[in-house]
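A quick write-up on the structure given underneath.
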Amino acid sequence: MSVKPAQPPAAESRTAHAPGRMTFEPALEGLRGFALMGMLCFHSQFSWAIGGFLPIATFFTLSGYLITSLFLVEWQRSGTIRLAPFWARRFRRLMPAALLTLGAMPLWAALFATPDQRARLADDVLWALFYLANWHFYLTDTAYAALFRAPSPVQHFWSLAIEEQFYFVFPLVVFVGLRLGGGSRAVLAAVLGGLSVAAILWSIWLMRHGASIDRVYYGSDTRAPELLAGGLLALLLHGRVIASQPLRRLIRWLGLPALLGMVWLWGTVHLEDRWVYEGGFSAYTLLTMAVIAAGLQDTGPVRRLLSNPVMRWTGRVSYGAYLFHWPVFLALSAERTGLGPAALFVLRVVVTFGLAHLCYERLEVPIRTGRWITGWRPYVATPAAFALVALLTTTIAAGPTLADDRYDPHADVPAATTRIQSLMASAPPASSDPPRRDRAVPRVAVFGDSTGAVLAVGLHHWLGERGSGEPRRGVAQLGCPLATEGRYRFQGKEMGPPEHCKDWHDAWPEAVEDYRPDVAVVLLGPWEVCDRQLPGDPTWRHLGDPKLDEYYRRELLAAVDRLSADGALVVWLTHPTIEVRDPKTGAAPATPYPESDPKRMARLDELIRELEAERPDKVRVLDFAGYLKSLPAGEMDARYRPDGTHLSGEGSLRLAHDWLESEILRLYRESSKGGAAGVTGVASQSVAVPGPTASPP
């Protein structure tokens, strides 16, 4: 590449920046606006913008380029980098709009927040105030993949925190690199390149050793290569002349496919794609670097596209628009406005950019240019503003995390478990029970995960309080899978079995021994259809993979054997397809999680049906999934499963009254009449699904 320090330019040559000064580049301003629009489409959950989280990497790289260019200009002019003035300028540029946004959070909480949002919003704001939001959200297990299900209105501050941490540390790195290298760009480039490679390798190591994708997504260390790449590009191009006309032409025209490649990735990459966290962000950054380089040329399609007035204005107010957009998007929800996706997007964008324009003209520019808060006043106004926002934050009142009896999968597990167990009937231990005998109605216990726990509420109510039978306490653990070995990915988060989960291999037989049910009802599924990584196997698998199918087959048979060891009839329910939704609004994400794939749950139900053939004297299968499908259109979700996974309290009662109670009684009586032979007589098929009957009063 023929690049040399800038000289008085010939007619056919162009310097990216003249020596000792920073030249305004309209295409780079437009690139900010272009990237922001991609991210707004992602936050609007358009299916064609599922990769719209990637523009944040473009912001990082562009920031790295501009900041490094400023340092090179200052070094060339004065032979040093004055850190205090730089940090003061950054503060004037970034803090006013950020303080305004954070200071408005108590009002936002009072008008729009759900109880869950209010419960944690004060902490979120304080961490955002001190630019540590990225580590806060990681350490509190706030998965970025859960952005559309349990959002904090300041969750987008994670990226601003990374940039501010970069602005604090990076000038020190540049200063030391230039000072030790005698002003050599090559030495500084070697330092930045070495740090980038180390950070990429560190990300790969973390992912290969069990770290969650959130660790890499939120980490300042793991996202540093995107910022450092901009610095490397500045070292290569800033203040230099590209003497070769063919090379300039190549850079101009390579920018267009790079820009198209960026847009293509915005529409195709999933947040859960593992390769993104194993160097993928840095690979995407190469495209951004090519677009920046093309935008710096004197002409070309990229420069013309990004320099148009609309893109430039969007980029000019992009910082305020980024700050305001997320609280605005959450406040102007589809439920509150009643608008369709397109109209809602227009409304949100108009409100967002209207606020951003006012903030830019009335607050950001006056403070940045020194028209406001001059002289000694910043030294008083700054701590006063911080103190005021912190004080306002304390007025955010926390609310309860469970608004009703429906299980909230994002609520605290012990609290939710207590709520469910308080609704389940208790029973004395076996020592005070009379010996087992033939009964007209059975003792029923429920086993499974959270879906089984909510099922037990309705089933035990109807069997117990309506006099149809005796409820027994089973084991239905929230968030606990049947497959206890290895690791799994659920809702975009990689994890092992939660610590609160008791091993069902021991817990289920103990419950059977203590409470001696006649019928053991089993319902589980959401945790079984996610990606699994078995011990000693580096491959991630899901149901439908022969190796994982065989593992589940063994676990299912073992569960039947343990539950039936005391003579209980095992009634195993098929599980309907799950759809992960916001527990408060019922909104589904633009991109379904892998565990919502109907094929996975269908395969689990196939394995469940095989149990009858393998253990004909012990188990019966009830087609719960088929029953829900038989309901009138829309009723399955609207009245039975509002969150797309768990029964509501009403749905649990309806299911027991309309269908499940009578089916359990029928199966129990058939098995009691014929013993093992009676059970075997119907072993070849699952129980038929009748249509729904009258609803309970």
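Residues in the structure tokens are numbered from 1 in each chain, the chains being A, B, ... in the order shown, and ligands are numbered from 1 in the order shown.
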
Could you give me, as JSON lines, a per-residue list for range 174-245 of chain A showing, wherever an atom lies at most 7 Å from an atom of range 66-84 of chain A, the closest pair of atoms and their distance in Å to one decimal, using only C-alpha atoms and sorting by chain then residue number from low to high?
```
{"residue": "A:Phe175", "atom": "CA", "partner": "A:Ile81", "partner_atom": "CA", "distance": 6.3}
{"residue": "A:Gly231", "atom": "CA", "partner": "A:Thr68", "partner_atom": "CA", "distance": 5.2}
{"residue": "A:Ala234", "atom": "CA", "partner": "A:Ser69", "partner_atom": "CA", "distance": 5.7}
{"residue": "A:His238", "atom": "CA", "partner": "A:Ser69", "partner_atom": "CA", "distance": 6.3}
```

List the spatial neighbours of Gly644 in chain A as a PyMOL selection string - criterion: any atom at most 6 Å away, only C-alpha atoms, same-chain residues fewer than 2 positions off excluded. chain A and resi 578-580+641-642

Looking at only C-alpha atoms, which of A:Ser662, A:Thr369, A:Ser652, A:Thr577 is the one that sits closest to Arg93 in chain A? A:Thr369

Under the rule that only C-alpha atoms are counted, which of A:Ser220, A:Arg371, A:Gly452, A:Val291 is the nearest residue to Leu306 in chain A? A:Val291

In terms of the shortest atom-to-atom distance over only C-alpha atoms, which of A:Ala57, A:Leu556, A:Cys501, A:Val454 is closest to Glu612 in chain A?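 With only C-alpha atoms as the atom set, the closest residue is A:Leu556.
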
What lies within 12 Å of Cys41 in chain A using only C-alpha atoms, ignoring chain neighbours under 2 positions off, as a count of residues only? 33

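Using only C-alpha atoms, the smallest distance between any of A:Phe324, A:Trp158, A:Thr288, A:Gln297 and Leu355 in chain A comes from A:Phe324.
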
Polymer residues at most 12 Å from Tyr65 in chain A, only C-alpha atoms, same-chain spacing of 3 or more positions, as number ranges by chain: A: 22, 28, 58-62, 68-72, 170, 226-238, 285, 288-289, 292-293, 296

Same residues, C-alpha atoms, saved as an mmCIF file, in the first residue's frame:
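What landed in selection07.cif:
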```
data_model
loop_
_atom_site.group_PDB
_atom_site.id
_atom_site.type_symbol
_atom_site.label_atom_id
_atom_site.label_comp_id
_atom_site.auth_asym_id
_atom_site.auth_seq_id
_atom_site.Cartn_x
_atom_site.Cartn_y
_atom_site.Cartn_z
ATOM 1 C CA MET A 22 -8.726 17.660 12.424
ATOM 2 C CA LEU A 28 -18.389 9.696 9.175
ATOM 3 C CA THR A 58 -19.621 0.198 14.257
ATOM 4 C CA PHE A 59 -20.026 2.953 16.867
ATOM 5 C CA PHE A 60 -17.094 1.514 18.809
ATOM 6 C CA THR A 61 -14.802 1.393 15.782
ATOM 7 C CA LEU A 62 -15.769 4.865 14.629
ATOM 8 C CA THR A 68 -6.995 8.321 17.910
ATOM 9 C CA SER A 69 -7.052 10.907 15.125
ATOM 10 C CA LEU A 70 -7.459 13.652 17.729
ATOM 11 C CA PHE A 71 -4.466 12.353 19.643
ATOM 12 C CA LEU A 72 -2.344 12.190 16.497
ATOM 13 C CA PHE A 170 -7.028 4.531 25.976
ATOM 14 C CA GLU A 226 -13.655 -3.108 18.099
ATOM 15 C CA LEU A 227 -12.422 0.188 19.564
ATOM 16 C CA LEU A 228 -8.757 -0.619 19.025
ATOM 17 C CA ALA A 229 -9.454 -1.423 15.375
ATOM 18 C CA GLY A 230 -10.521 2.178 14.858
ATOM 19 C CA GLY A 231 -7.270 3.301 16.436
ATOM 20 C CA LEU A 232 -5.272 1.101 14.078
ATOM 21 C CA LEU A 233 -7.133 2.522 11.100
ATOM 22 C CA ALA A 234 -6.329 6.068 12.237
ATOM 23 C CA LEU A 235 -2.642 5.188 12.570
ATOM 24 C CA LEU A 236 -2.716 3.877 9.029
ATOM 25 C CA LEU A 237 -4.677 6.653 7.301
ATOM 26 C CA HIS A 238 -4.858 9.857 9.311
ATOM 27 C CA THR A 285 -15.258 -4.623 12.462
ATOM 28 C CA THR A 288 -16.688 -1.089 9.310
ATOM 29 C CA MET A 289 -13.040 -0.203 8.741
ATOM 30 C CA ILE A 292 -14.737 4.318 7.100
ATOM 31 C CA ALA A 293 -11.786 4.224 4.699
ATOM 32 C CA LEU A 296 -12.673 9.354 3.855
#
```

Using the chain letters and numbers from this document, which residues of range 519-609 of chain A does DSSP assign to helix (DSSP H, G or I), as a PyMOL selection string? chain A and resi 546-563+594-596+598-609

Calculate how many Å separate CA of Ala113 in chain A from CA of Leu126 in chain A, rounding to one decimal. 17.0 Å

Using only C-alpha atoms, determine which residues lie at most 7 Å from range 544-547 of chain A, disregarding the query and same-chain residues fewer than 3 positions distant; provide the list as an mmCIF file with C-alpha atoms, in the first residue's frame.
```cif
data_model
loop_
_atom_site.group_PDB
_atom_site.id
_atom_site.type_symbol
_atom_site.label_atom_id
_atom_site.label_comp_id
_atom_site.auth_asym_id
_atom_site.auth_seq_id
_atom_site.Cartn_x
_atom_site.Cartn_y
_atom_site.Cartn_z
ATOM 1 C CA ARG A 541 -26.836 -30.939 20.581
ATOM 2 C CA GLU A 550 -30.627 -41.879 23.525
ATOM 3 C CA TYR A 551 -29.600 -40.013 26.665
ATOM 4 C CA ARG A 600 -37.768 -30.021 19.284
ATOM 5 C CA ARG A 603 -39.349 -34.967 19.285
#
```

Pick out the closest residue to Ala88 in chain A from this set: A:Ile367, A:Val197, A:Ala119, A:Leu250. Count only C-alpha atoms.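 Among the listed residues, A:Ile367 lies closest to Ala88 in chain A.
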